[in-house]
file upload.txt (compact mmCIF, C-alpha atoms)
# COMPACT_ATOMS: atom_id res chain seq x y z
CA MET A 1 -4.15 29.62 -19.13
CA ASN A 2 -2.79 26.71 -21.07
CA ILE A 3 -2.72 23.23 -19.65
CA GLU A 4 0.90 23.43 -18.47
CA GLU A 5 0.12 26.57 -16.47
CA ILE A 6 -2.98 24.95 -15.00
CA ILE A 7 -0.96 21.88 -14.01
CA GLU A 8 1.62 24.07 -12.33
CA GLU A 9 -1.05 25.88 -10.38
CA PHE A 10 -2.67 22.64 -9.22
CA GLN A 11 0.67 21.15 -8.24
CA GLU A 12 1.30 24.05 -5.91
CA ALA A 13 -2.18 23.89 -4.39
CA ASP A 14 -3.08 22.13 -1.17
CA PHE A 15 -6.32 20.20 -0.71
CA GLN A 16 -8.50 23.20 0.16
CA GLU A 17 -7.02 25.31 -2.63
CA THR A 18 -7.63 22.48 -5.11
CA LEU A 19 -11.27 22.31 -4.04
CA ALA A 20 -11.60 26.07 -4.32
CA MET A 21 -10.12 26.09 -7.84
CA LEU A 22 -12.40 23.27 -8.98
CA LEU A 23 -15.36 25.09 -7.51
CA ASP A 24 -14.40 28.27 -9.36
CA TYR A 25 -14.11 26.33 -12.58
CA SER A 26 -17.45 24.61 -12.02
CA GLN A 27 -19.16 27.96 -11.60
CA GLY A 28 -17.64 29.21 -14.83
CA LEU A 29 -18.71 26.44 -17.18
CA PRO A 30 -20.54 28.12 -20.06
CA ASN A 31 -24.09 26.96 -20.73
CA LEU A 32 -24.51 24.40 -23.46
CA PRO A 33 -25.34 26.26 -26.67
CA GLU A 34 -28.93 25.86 -27.82
CA GLU A 35 -27.91 23.89 -30.92
CA PHE A 36 -26.73 20.95 -28.76
CA VAL A 37 -29.61 20.85 -26.28
CA GLU A 38 -31.77 18.50 -28.31
CA ALA A 39 -28.86 16.10 -28.85
CA ARG A 40 -28.16 16.11 -25.12
CA ASP A 41 -31.80 15.54 -24.24
CA THR A 42 -31.90 12.48 -26.48
CA GLY A 43 -28.74 11.16 -24.81
CA TYR A 44 -26.22 11.71 -27.59
CA ASN A 45 -22.58 12.23 -26.70
CA ARG A 46 -22.93 11.23 -23.08
CA VAL A 47 -19.72 10.03 -21.50
CA VAL A 48 -21.21 6.76 -20.32
CA GLU A 49 -18.19 5.76 -18.24
CA CYS A 50 -18.82 8.69 -15.93
CA GLU A 51 -21.50 8.16 -13.33
CA THR A 52 -22.51 11.82 -13.55
CA PRO A 53 -24.39 12.70 -16.75
CA VAL A 54 -21.65 14.46 -18.73
CA PHE A 55 -22.17 15.48 -22.35
CA ILE A 56 -19.27 16.57 -24.55
CA PHE A 57 -19.58 18.04 -28.03
CA VAL A 58 -16.43 18.69 -30.04
CA ARG A 59 -16.33 20.61 -33.31
CA LEU A 60 -13.47 21.66 -35.57
CA LYS A 61 -13.63 25.13 -37.05
CA ASP A 62 -10.90 26.89 -39.02
CA GLY A 63 -8.29 24.52 -37.66
CA LYS A 64 -9.30 25.15 -34.05
CA VAL A 65 -11.10 22.83 -31.69
CA ARG A 66 -14.31 24.03 -30.04
CA ILE A 67 -15.54 22.14 -26.99
CA PHE A 68 -19.04 22.42 -25.54
CA ALA A 69 -20.10 20.55 -22.44
CA ASP A 70 -22.96 20.00 -20.06
CA VAL A 71 -22.64 18.74 -16.47
CA PRO A 72 -25.27 19.11 -13.72
CA GLU A 73 -24.61 21.65 -10.99
CA GLU A 74 -25.23 18.98 -8.36
CA SER A 75 -21.95 17.35 -9.40
CA PRO A 76 -19.52 20.20 -8.86
CA THR A 77 -16.35 18.09 -8.85
CA VAL A 78 -16.95 16.62 -12.29
CA ARG A 79 -18.37 19.92 -13.52
CA GLY A 80 -15.25 21.72 -12.31
CA PHE A 81 -12.93 19.27 -14.03
CA VAL A 82 -14.87 19.49 -17.30
CA ALA A 83 -14.82 23.29 -17.11
CA LEU A 84 -11.05 23.14 -16.56
CA LEU A 85 -10.70 21.06 -19.74
CA VAL A 86 -12.91 23.45 -21.68
CA ASP A 87 -10.91 26.39 -20.38
CA ALA A 88 -7.61 24.73 -21.31
CA PHE A 89 -8.53 23.25 -24.67
CA ASP A 90 -11.36 25.23 -26.26
CA GLY A 91 -9.70 27.10 -29.12
CA SER A 92 -6.58 24.90 -29.19
CA THR A 93 -5.34 23.11 -32.26
CA PRO A 94 -5.93 19.36 -32.59
CA ASP A 95 -2.18 18.81 -32.22
CA GLU A 96 -2.07 20.68 -28.93
CA ILE A 97 -4.82 18.47 -27.56
CA GLU A 98 -3.24 15.32 -28.90
CA ASN A 99 0.06 16.24 -27.28
CA ALA A 100 -1.47 17.17 -23.93
CA PRO A 101 -0.31 14.80 -21.17
CA THR A 102 -2.08 11.43 -21.14
CA ASN A 103 -1.85 11.22 -17.37
CA LEU A 104 -3.36 14.66 -16.82
CA ILE A 105 -5.24 13.63 -13.69
CA ASN A 106 -2.03 12.51 -11.99
CA SER A 107 -0.25 15.65 -13.21
CA LEU A 108 -2.97 17.78 -11.63
CA GLY A 109 -2.63 15.70 -8.46
CA LEU A 110 -6.35 15.03 -8.36
CA ASP A 111 -5.99 11.31 -7.67
CA GLN A 112 -3.90 12.05 -4.59
CA LYS A 113 -6.11 14.82 -3.32
CA LEU A 114 -9.63 13.60 -4.09
CA GLY A 115 -9.07 9.86 -3.71
CA THR A 116 -8.60 7.29 -6.45
CA ARG A 117 -12.19 6.09 -6.44
CA ARG A 118 -13.36 9.34 -7.94
CA MET A 119 -10.88 9.36 -10.81
CA PHE A 120 -12.24 6.90 -13.34
CA GLY A 121 -15.08 9.08 -14.55
CA LEU A 122 -12.75 12.06 -14.87
CA SER A 123 -10.26 10.05 -16.94
CA ALA A 124 -13.10 8.95 -19.18
CA VAL A 125 -14.14 12.55 -19.82
CA TYR A 126 -10.59 13.52 -20.73
CA SER A 127 -10.13 10.53 -23.06
CA ARG A 128 -13.44 11.34 -24.66
CA ILE A 129 -12.29 14.85 -25.57
CA LYS A 130 -9.08 13.48 -27.07
CA SER A 131 -10.91 10.82 -29.10
CA GLU A 132 -13.60 13.26 -30.26
CA VAL A 133 -10.90 15.59 -31.57
CA LYS A 134 -9.39 12.73 -33.58
CA LYS A 135 -12.84 11.81 -34.88
CA ALA A 136 -13.53 15.40 -35.91
CA GLU A 137 -10.19 15.53 -37.74
CA ASN A 138 -10.98 12.37 -39.66
CA ILE A 139 -14.35 13.68 -40.77
CA GLN A 140 -12.70 16.71 -42.33
CA MET B 1 -49.30 -0.16 11.84
CA ALA B 2 -45.86 -1.09 13.08
CA ASP B 3 -43.34 1.58 13.99
CA TYR B 4 -39.59 1.57 13.43
CA SER B 5 -37.61 -0.11 16.19
CA HIS B 6 -35.66 3.08 16.89
CA PRO B 7 -37.80 5.87 15.44
CA ASP B 8 -35.88 8.41 17.54
CA LEU B 9 -32.78 8.00 15.34
CA LEU B 10 -34.54 9.33 12.30
CA VAL B 11 -35.18 13.06 12.22
CA SER B 12 -37.12 15.17 9.73
CA THR B 13 -35.92 18.16 7.74
CA ASP B 14 -38.16 20.24 10.05
CA TRP B 15 -36.33 18.96 13.09
CA VAL B 16 -32.96 19.77 11.55
CA ALA B 17 -34.14 23.27 10.56
CA GLU B 18 -35.06 23.86 14.20
CA HIS B 19 -31.67 22.66 15.48
CA THR B 20 -29.20 24.46 13.22
CA GLY B 21 -28.01 26.62 16.11
CA ASP B 22 -28.26 24.01 18.84
CA PRO B 23 -24.82 23.77 20.53
CA GLY B 24 -25.45 20.16 21.52
CA VAL B 25 -26.10 19.16 17.92
CA ARG B 26 -23.63 19.00 15.05
CA ILE B 27 -25.00 18.58 11.54
CA VAL B 28 -22.68 16.60 9.26
CA GLU B 29 -22.98 16.53 5.49
CA SER B 30 -21.44 13.52 3.79
CA ASP B 31 -21.67 13.33 0.00
CA GLU B 32 -20.33 11.30 -2.83
CA ASP B 33 -19.24 14.55 -4.47
CA VAL B 34 -16.47 16.11 -2.40
CA LEU B 35 -17.40 19.64 -3.56
CA LEU B 36 -21.16 19.54 -3.11
CA TYR B 37 -20.98 20.84 0.46
CA ASP B 38 -18.97 23.83 -0.78
CA VAL B 39 -21.71 24.73 -3.26
CA GLY B 40 -24.10 25.17 -0.36
CA HIS B 41 -25.10 23.30 2.79
CA ILE B 42 -27.42 23.49 5.75
CA GLU B 43 -26.50 26.37 8.02
CA GLY B 44 -24.01 25.28 10.65
CA ALA B 45 -23.28 21.95 8.98
CA VAL B 46 -19.72 20.63 8.69
CA LYS B 47 -18.37 18.40 5.94
CA VAL B 48 -17.05 14.90 6.52
CA ASP B 49 -15.84 13.27 3.33
CA TRP B 50 -16.07 9.47 3.12
CA GLN B 51 -12.82 9.16 1.18
CA THR B 52 -10.50 11.94 2.17
CA ASP B 53 -11.58 12.21 5.83
CA LEU B 54 -12.69 8.73 6.88
CA GLN B 55 -10.52 6.38 4.84
CA ASP B 56 -6.85 5.73 5.30
CA GLN B 57 -5.07 6.92 2.18
CA LEU B 58 -2.45 4.17 2.16
CA ILE B 59 -4.10 0.97 3.33
CA ARG B 60 -7.66 -0.01 2.41
CA ASP B 61 -9.11 0.67 5.82
CA TYR B 62 -10.53 3.48 7.89
CA ILE B 63 -8.45 6.09 9.65
CA ASP B 64 -7.10 5.10 13.04
CA LYS B 65 -8.40 6.07 16.45
CA GLU B 66 -6.06 9.06 16.79
CA LYS B 67 -7.01 10.50 13.42
CA PHE B 68 -10.70 10.09 14.18
CA GLU B 69 -10.23 11.88 17.48
CA MET B 70 -8.46 14.69 15.64
CA LEU B 71 -11.20 14.88 13.02
CA MET B 72 -13.91 15.10 15.68
CA SER B 73 -11.97 17.71 17.55
CA GLU B 74 -11.57 19.86 14.40
CA LYS B 75 -15.27 19.58 13.57
CA GLY B 76 -16.24 20.67 17.05
CA ILE B 77 -17.75 17.33 17.98
CA SER B 78 -17.46 16.11 21.57
CA ASN B 79 -18.20 12.63 22.84
CA ASP B 80 -21.63 13.75 23.95
CA THR B 81 -22.54 15.78 20.82
CA THR B 82 -25.59 14.63 18.92
CA VAL B 83 -24.47 14.21 15.31
CA VAL B 84 -27.09 14.43 12.56
CA PHE B 85 -26.07 13.06 9.17
CA TYR B 86 -27.39 13.95 5.75
CA GLY B 87 -26.06 13.74 2.21
CA ASP B 88 -26.58 13.26 -1.49
CA ARG B 89 -27.79 10.13 -3.30
CA ASN B 90 -30.47 9.02 -0.85
CA ASN B 91 -28.14 9.34 2.12
CA TRP B 92 -25.81 6.53 0.99
CA TRP B 93 -22.73 8.37 2.15
CA ALA B 94 -24.53 9.74 5.17
CA CYS B 95 -25.33 6.14 6.19
CA TYR B 96 -21.74 5.20 5.46
CA ALA B 97 -20.43 8.03 7.64
CA PHE B 98 -22.98 7.12 10.33
CA TRP B 99 -21.67 3.54 10.26
CA VAL B 100 -18.04 4.68 10.52
CA PHE B 101 -18.94 6.96 13.46
CA LYS B 102 -20.52 3.92 15.11
CA LEU B 103 -17.35 1.89 14.44
CA PHE B 104 -15.54 4.50 16.50
CA GLY B 105 -18.22 4.22 19.15
CA HIS B 106 -19.86 7.63 18.77
CA ASP B 107 -22.98 7.41 20.90
CA LYS B 108 -25.55 9.88 19.66
CA CYS B 109 -25.97 9.62 15.88
CA LEU B 110 -29.13 10.64 14.01
CA MET B 111 -30.09 10.49 10.33
CA MET B 112 -32.02 13.20 8.48
CA ASN B 113 -34.70 11.31 6.59
CA GLY B 114 -34.64 12.08 2.86
CA GLY B 115 -31.15 13.61 2.85
CA ARG B 116 -29.91 16.60 0.94
CA GLN B 117 -32.33 16.17 -1.96
CA LYS B 118 -35.39 16.42 0.28
CA TRP B 119 -34.02 19.56 1.91
CA VAL B 120 -33.41 21.11 -1.54
CA ASP B 121 -36.80 19.97 -2.88
CA GLU B 122 -38.48 21.71 0.03
CA ASP B 123 -36.77 24.96 -0.99
CA ARG B 124 -34.97 25.21 2.29
CA PRO B 125 -31.96 27.52 2.46
CA LEU B 126 -28.39 26.48 1.76
CA VAL B 127 -25.44 28.60 2.85
CA LYS B 128 -21.79 28.74 1.80
CA ASP B 129 -20.29 29.90 5.07
CA VAL B 130 -18.11 27.22 6.57
CA PRO B 131 -18.70 27.36 10.32
CA GLU B 132 -15.86 27.23 12.78
CA TYR B 133 -16.41 25.61 16.12
CA PRO B 134 -14.20 25.61 19.17
CA VAL B 135 -11.85 22.65 19.12
CA THR B 136 -13.08 19.86 21.37
CA SER B 137 -11.38 17.11 23.20
CA TYR B 138 -12.59 13.75 21.92
CA THR B 139 -11.69 10.29 23.10
CA VAL B 140 -12.34 7.06 21.27
CA SER B 141 -12.62 4.44 23.96
CA GLY B 142 -12.83 1.48 21.64
CA ILE B 143 -13.57 0.34 18.10
CA ASP B 144 -16.88 -1.48 17.73
CA GLU B 145 -16.07 -4.14 15.18
CA SER B 146 -19.29 -5.99 15.95
CA ILE B 147 -20.87 -4.04 13.09
CA ARG B 148 -18.09 -4.76 10.58
CA ALA B 149 -17.54 -8.02 8.72
CA PHE B 150 -14.23 -9.09 7.19
CA LYS B 151 -13.74 -11.69 4.50
CA ASP B 152 -13.11 -14.47 7.04
CA ASP B 153 -16.39 -13.65 8.78
CA VAL B 154 -18.14 -13.92 5.45
CA THR B 155 -16.47 -17.25 4.68
CA ALA B 156 -17.65 -18.55 8.05
CA HIS B 157 -21.13 -17.28 7.27
CA ILE B 158 -21.45 -19.26 4.04
CA GLY B 159 -23.40 -22.44 4.64
CA SER B 160 -24.00 -21.59 8.31
CA GLY B 161 -27.65 -20.85 7.70
CA ASN B 162 -27.17 -17.21 8.63
CA PRO B 163 -28.40 -14.71 6.09
CA LEU B 164 -26.17 -12.80 3.69
CA ILE B 165 -27.84 -9.88 1.98
CA ASP B 166 -26.46 -8.67 -1.32
CA VAL B 167 -27.83 -5.18 -1.82
CA ARG B 168 -26.49 -4.61 -5.34
CA SER B 169 -28.64 -4.35 -8.43
CA PRO B 170 -30.07 -7.61 -9.84
CA LYS B 171 -27.66 -7.52 -12.78
CA GLU B 172 -24.64 -7.25 -10.51
CA PHE B 173 -26.05 -10.06 -8.35
CA THR B 174 -26.40 -12.41 -11.29
CA GLY B 175 -22.95 -11.47 -12.57
CA GLU B 176 -24.28 -10.06 -15.81
CA LEU B 177 -22.61 -6.80 -14.85
CA LEU B 178 -19.31 -6.49 -13.00
CA HIS B 179 -20.28 -3.13 -11.56
CA MET B 180 -23.31 -1.00 -11.01
CA GLU B 181 -24.49 0.47 -14.27
CA ALA B 182 -22.38 3.58 -14.93
CA TYR B 183 -20.00 2.88 -12.02
CA PRO B 184 -17.29 0.95 -13.88
CA GLN B 185 -14.45 2.20 -11.73
CA GLU B 186 -15.31 -0.13 -8.93
CA GLY B 187 -15.31 -3.38 -10.84
CA ALA B 188 -14.07 -6.84 -10.07
CA LEU B 189 -12.49 -9.61 -12.07
CA ARG B 190 -15.35 -12.03 -11.44
CA GLY B 191 -19.08 -11.53 -11.45
CA GLY B 192 -21.80 -13.21 -9.40
CA HIS B 193 -22.54 -13.25 -5.69
CA ILE B 194 -21.37 -14.81 -2.44
CA PRO B 195 -22.90 -18.32 -2.18
CA GLY B 196 -26.23 -18.31 -0.40
CA ALA B 197 -26.73 -14.55 -0.53
CA ALA B 198 -30.20 -13.14 -1.10
CA ASN B 199 -30.54 -10.14 -3.37
CA VAL B 200 -32.37 -7.18 -1.90
CA PRO B 201 -31.26 -4.04 -3.76
CA TRP B 202 -30.76 -1.22 -1.26
CA ALA B 203 -33.27 1.02 -3.05
CA THR B 204 -36.04 -1.42 -2.15
CA ALA B 205 -35.92 0.24 1.27
CA ALA B 206 -36.23 3.81 -0.03
CA ASN B 207 -39.12 5.90 -1.29
CA GLU B 208 -38.87 8.02 -4.43
CA ASP B 209 -38.04 11.10 -2.36
CA GLY B 210 -35.14 9.35 -0.64
CA THR B 211 -36.94 8.79 2.68
CA PHE B 212 -37.05 5.31 4.19
CA LYS B 213 -40.08 3.10 3.55
CA SER B 214 -42.55 2.54 6.36
CA ALA B 215 -41.94 -0.12 8.98
CA ASP B 216 -44.76 -2.28 7.53
CA GLU B 217 -43.24 -2.12 4.07
CA LEU B 218 -39.77 -2.96 5.41
CA VAL B 219 -41.16 -5.94 7.35
CA SER B 220 -42.81 -7.24 4.21
CA ILE B 221 -39.58 -6.82 2.17
CA TYR B 222 -37.01 -8.28 4.54
CA LYS B 223 -38.96 -10.54 6.87
CA ASP B 224 -41.92 -11.81 4.82
CA GLY B 225 -40.10 -11.50 1.50
CA LYS B 226 -36.61 -12.75 2.31
CA GLY B 227 -37.29 -14.72 5.46
CA LEU B 228 -35.14 -12.73 7.89
CA LYS B 229 -36.09 -13.61 11.45
CA ASP B 230 -35.58 -11.78 14.72
CA GLY B 231 -32.28 -12.90 16.22
CA ASP B 232 -30.67 -13.57 12.83
CA ASP B 233 -26.98 -12.82 12.41
CA VAL B 234 -26.96 -10.81 9.18
CA ILE B 235 -24.11 -9.66 6.92
CA ALA B 236 -24.85 -7.11 4.20
CA TYR B 237 -22.56 -6.23 1.33
CA CYS B 238 -22.53 -4.35 -1.96
CA ARG B 239 -19.57 -3.22 -4.03
CA ILE B 240 -17.57 -1.02 -1.66
CA GLY B 241 -19.78 -1.03 1.43
CA GLU B 242 -21.68 2.22 0.96
CA ARG B 243 -25.02 0.95 -0.34
CA SER B 244 -24.88 -1.83 2.25
CA SER B 245 -24.44 0.70 5.03
CA HIS B 246 -27.85 2.04 3.97
CA THR B 247 -29.27 -1.48 4.39
CA TRP B 248 -27.30 -1.93 7.63
CA PHE B 249 -29.03 1.20 8.95
CA VAL B 250 -32.45 -0.09 7.90
CA LEU B 251 -31.99 -3.54 9.43
CA THR B 252 -30.39 -2.28 12.64
CA TYR B 253 -32.41 0.80 13.49
CA LEU B 254 -35.64 0.56 11.58
CA LEU B 255 -36.26 -3.18 11.87
CA GLY B 256 -34.35 -3.74 15.12
CA PHE B 257 -32.05 -6.63 14.24
CA ASP B 258 -29.42 -6.97 16.98
CA LYS B 259 -26.62 -8.43 14.93
CA VAL B 260 -26.07 -6.84 11.54
CA ARG B 261 -22.62 -6.42 10.05
CA ASN B 262 -21.55 -4.44 7.03
CA TYR B 263 -18.94 -6.18 4.88
CA ASP B 264 -17.14 -3.11 3.59
CA GLY B 265 -14.66 -5.16 1.54
CA SER B 266 -17.74 -6.16 -0.43
CA TRP B 267 -17.62 -7.24 -4.06
CA THR B 268 -14.46 -5.29 -4.89
CA GLU B 269 -12.70 -7.61 -2.44
CA TRP B 270 -14.67 -10.83 -2.89
CA GLY B 271 -14.87 -10.71 -6.69
CA ASN B 272 -11.11 -10.17 -6.95
CA MET B 273 -9.99 -12.71 -4.36
CA VAL B 274 -8.24 -15.85 -5.58
CA ARG B 275 -10.34 -18.97 -4.99
CA ALA B 276 -13.20 -17.15 -3.30
CA PRO B 277 -16.34 -19.21 -3.91
CA ILE B 278 -18.86 -17.52 -6.17
CA GLU B 279 -22.39 -18.44 -7.10
CA LYS B 280 -23.86 -17.51 -10.43
CA PRO B 281 -27.37 -18.45 -11.39

call {"tool": "encode", "arguments": {"input": "upload.txt", "output": "structure tokens"}}
result
Amino acid sequence: MNIEEIIEEFQEADFQETLAMLLDYSQGLPNLPEEFVEARDTGYNRVVECETPVFIFVRLKDGKVRIFADVPEESPTVRGFVALLVDAFDGSTPDEIENAPTNLINSLGLDQKLGTRRMFGLSAVYSRIKSEVKKAENIQ
Amino acid sequence: MADYSHPDLLVSTDWVAEHTGDPGVRIVESDEDVLLYDVGHIEGAVKVDWQTDLQDQLIRDYIDKEKFEMLMSEKGISNDTTVVFYGDRNNWWACYAFWVFKLFGHDKCLMMNGGRQKWVDEDRPLVKDVPEYPVTSYTVSGIDESIRAFKDDVTAHIGSGNPLIDVRSPKEFTGELLHMEAYPQEGALRGGHIPGAANVPWATAANEDGTFKSADELVSIYKDGKGLKDGDDVIAYCRIGERSSHTWFVLTYLLGFDKVRNYDGSWTEWGNMVRAPIEKP
């Protein structure tokens, strides 16, 4: 699903359905590929604004963005959100990610459903993906 | 060796394992992460979320009496049910939920020492089935605000000689940091602490495995170390009132202080309030 379809699905979901979708996502987050494990273990690419240890690695290959992430299983909410982003944006073009809504968390309705206090870390993860894509483009 | 003042309020993981099917007992999981319960929980446990269940979503306050009655009824909790709390992060949110239940006057509340992590570390089972209990009838007869401090209570406390305990990290206390490291979302415009407050980070009261320290150790930290005396009128605060509910639990039930209040407005209120006095070393 692309991000617009995901947003639509979340907008139609009630609180329990939202939790269930996030839980599904969190269970589907692919393992961090071996090549990034050492970087993670030394603390590189941690999203420091998020209280949960979240690591995001973005690479650009053949004009497509690849996103790899690591989030502990004990933090299913953040893990679910990160997995949603990976699902929506892994394989997209940099433009698609740049043009994705800035206020994604509001569009998904997560601030209303999960409470505002939990949203800062999630916003930080999303901004990090956007900024990493820009960075990767500049390196090329 | 001294014992806790109310040792009966603290139960072990063994005790909880033996009471999962006890109809007079309701196990409540309260976590920072709203989904953690859904990943797996103690058999028979229900979820009470500190934000979406206990807090009012419009005004910065707790839900009202009617909503609490409805919540208890849905969770199958009666006025005489024994509620056992446990949760993630050293029982912070479990202590917070415990405190809110006490605000609403729930009589029998217990805490599972060590919380969720201890249960998991002991390789005890977690289940995904969400139990359903018959709806109960629950009546809140009154709100016990003797355990809650508001900003005016804190103002009156300053300079009165009564202790204020700031349970945040040393860097937040000195104002070097405006928030707990890695928790920037709950910041304030000014850093420092409430004048006269003593800094006793909440974790001082916890062992590595999340259990509470022994009564002797707690006496040496709070009484010998910070000069708290029996009969003191104590207010504890942190950033949003969750870490200080851990300290509130320790001072009230483990050390037996009669008058301890949790200032849930905490630094996110005080550090943002116009003209609030602040001390910075």

call {"tool": "closest_residue", "arguments": {"input": "upload.txt", "among": "B:Ala236, B:Ala94, B:Leu71, B:Val219", "to": "Ala198 (chain B)", "atoms": "only C-alpha atoms"}}
result
B:Ala236

call {"tool": "residues_around", "arguments": {"input": "upload.txt", "residues": "region 7-20 of chain B", "least_positions_apart": "5", "cutoff": "10 Å", "atoms": "all atoms listed in the file", "output": "CSV table (one decimal) with C-alpha atoms, in the frame of the given file"}}
result
chain,number,residue,atom,x,y,z
B,25,VAL,CA,-26.1,19.2,17.9
B,26,ARG,CA,-23.6,19.0,15.0
B,27,ILE,CA,-25.0,18.6,11.5
B,42,ILE,CA,-27.4,23.5,5.8
B,43,GLU,CA,-26.5,26.4,8.0
B,44,GLY,CA,-24.0,25.3,10.6
B,45,ALA,CA,-23.3,22.0,9.0
B,84,VAL,CA,-27.1,14.4,12.6
B,85,PHE,CA,-26.1,13.1,9.2
B,86,TYR,CA,-27.4,14.0,5.8
B,108,LYS,CA,-25.6,9.9,19.7
B,109,CYS,CA,-26.0,9.6,15.9
B,110,LEU,CA,-29.1,10.6,14.0
B,111,MET,CA,-30.1,10.5,10.3
B,112,MET,CA,-32.0,13.2,8.5
B,113,ASN,CA,-34.7,11.3,6.6
B,114,GLY,CA,-34.6,12.1,2.9
B,115,GLY,CA,-31.2,13.6,2.8
B,116,ARG,CA,-29.9,16.6,0.9
B,118,LYS,CA,-35.4,16.4,0.3
B,119,TRP,CA,-34.0,19.6,1.9
B,122,GLU,CA,-38.5,21.7,0.0
B,124,ARG,CA,-35.0,25.2,2.3
B,125,PRO,CA,-32.0,27.5,2.5
B,211,THR,CA,-36.9,8.8,2.7
B,212,PHE,CA,-37.0,5.3,4.2
B,215,ALA,CA,-41.9,-0.1,9.0
B,253,TYR,CA,-32.4,0.8,13.5
B,254,LEU,CA,-35.6,0.6,11.6
B,255,LEU,CA,-36.3,-3.2,11.9

call {"tool": "interface_residues", "arguments": {"input": "upload.txt", "of": "chain A", "to": "chain B", "cutoff": "7 Å", "atoms": "all atoms listed in the file", "output": "mmCIF file with C-alpha atoms, in the coordinates of the input"}}
result
data_model
loop_
_atom_site.group_PDB
_atom_site.id
_atom_site.type_symbol
_atom_site.label_atom_id
_atom_site.label_comp_id
_atom_site.auth_asym_id
_atom_site.auth_seq_id
_atom_site.Cartn_x
_atom_site.Cartn_y
_atom_site.Cartn_z
ATOM 1 C CA LEU A 19 -11.270 22.310 -4.040
ATOM 2 C CA VAL A 48 -21.210 6.760 -20.320
ATOM 3 C CA GLU A 49 -18.190 5.760 -18.240
ATOM 4 C CA CYS A 50 -18.820 8.690 -15.930
ATOM 5 C CA GLU A 51 -21.500 8.160 -13.330
ATOM 6 C CA GLU A 74 -25.230 18.980 -8.360
ATOM 7 C CA SER A 75 -21.950 17.350 -9.400
ATOM 8 C CA PRO A 76 -19.520 20.200 -8.860
ATOM 9 C CA THR A 77 -16.350 18.090 -8.850
ATOM 10 C CA LEU A 114 -9.630 13.600 -4.090
ATOM 11 C CA GLY A 115 -9.070 9.860 -3.710
ATOM 12 C CA ARG A 117 -12.190 6.090 -6.440
ATOM 13 C CA PHE A 120 -12.240 6.900 -13.340
#

call {"tool": "closest_residue", "arguments": {"input": "upload.txt", "among": "B:Trp92, B:Tyr222, B:Trp267, B:Phe68", "to": "Phe104 (chain B)", "atoms": "only C-alpha atoms"}}
result
B:Phe68

call {"tool": "residues_around", "arguments": {"input": "upload.txt", "residues": "Gly191 (chain B)", "least_positions_apart": "3", "cutoff": "12 Å", "atoms": "all atoms listed in the file", "output": "list in words"}}
result
Arg168, Pro170, Lys171, Glu172, Phe173, Thr174, Gly175, Glu176, Leu177, Leu178, His179, Met180, Gly187, Ala188, Ile194, Arg239, Trp267, Thr268, Glu269, Trp270, Gly271, Asn272, Met273, Ala276, Pro277, Ile278, Glu279, Lys280 and Pro281 of chain B

call {"tool": "closest_residue", "arguments": {"input": "upload.txt", "among": "A:Ile56, A:Ala88, A:Leu29, A:Val47", "to": "Glu5 (chain A)", "atoms": "all atoms listed in the file"}}
result
A:Ala88

call {"tool": "closest_residue", "arguments": {"input": "upload.txt", "among": "A:Ile97, A:Met119, A:Ile7, A:Ala20", "to": "Val78 (chain A)", "atoms": "all atoms listed in the file"}}
result
A:Met119

call {"tool": "atom_distance", "arguments": {"input": "upload.txt", "atom1": "CA of Val65 (chain A)", "atom2": "CA of Ser92 (chain A)"}}
result
5.6 Å

call {"tool": "closest_residue", "arguments": {"input": "upload.txt", "among": "B:Ser160, B:Ser73, B:Asn90, B:Ser146", "to": "Lys259 (chain B)", "atoms": "all atoms listed in the file"}}
result
B:Ser146

call {"tool": "atom_distance", "arguments": {"input": "upload.txt", "atom1": "CA of Asp233 (chain B)", "atom2": "CA of Ala203 (chain B)"}}
result
21.7 Å

call {"tool": "atom_distance", "arguments": {"input": "upload.txt", "atom1": "CA of Val100 (chain B)", "atom2": "CA of Val234 (chain B)"}}
result
17.9 Å

call {"tool": "residues_around", "arguments": {"input": "upload.txt", "residues": "region 150-153 of chain B", "least_positions_apart": "6", "cutoff": "9 Å", "atoms": "all atoms listed in the file", "output": "PyMOL selection string"}}
result
chain B and resi 235+262-266+269-270

call {"tool": "residues_around", "arguments": {"input": "upload.txt", "residues": "Lys134 (chain A)", "least_positions_apart": "6", "cutoff": "12 Å", "atoms": "all atoms listed in the file", "output": "PDB file with C-alpha atoms, in the frame of the given file"}}
result
ATOM      1  CA  VAL A  58     -16.430  18.690 -30.040  1.00  0.00           C
ATOM      2  CA  ARG A  59     -16.330  20.610 -33.310  1.00  0.00           C
ATOM      3  CA  LEU A  60     -13.470  21.660 -35.570  1.00  0.00           C
ATOM      4  CA  VAL A  65     -11.100  22.830 -31.690  1.00  0.00           C
ATOM      5  CA  THR A  93      -5.340  23.110 -32.260  1.00  0.00           C
ATOM      6  CA  PRO A  94      -5.930  19.360 -32.590  1.00  0.00           C
ATOM      7  CA  ASP A  95      -2.180  18.810 -32.220  1.00  0.00           C
ATOM      8  CA  GLU A  96      -2.070  20.680 -28.930  1.00  0.00           C
ATOM      9  CA  ILE A  97      -4.820  18.470 -27.560  1.00  0.00           C
ATOM     10  CA  GLU A  98      -3.240  15.320 -28.900  1.00  0.00           C
ATOM     11  CA  ASN A  99       0.060  16.240 -27.280  1.00  0.00           C
ATOM     12  CA  SER A 127     -10.130  10.530 -23.060  1.00  0.00           C
ATOM     13  CA  ARG A 128     -13.440  11.340 -24.660  1.00  0.00           C
ATOM     14  CA  GLN A 140     -12.700  16.710 -42.330  1.00  0.00           C
TER      15      GLN A 140
END
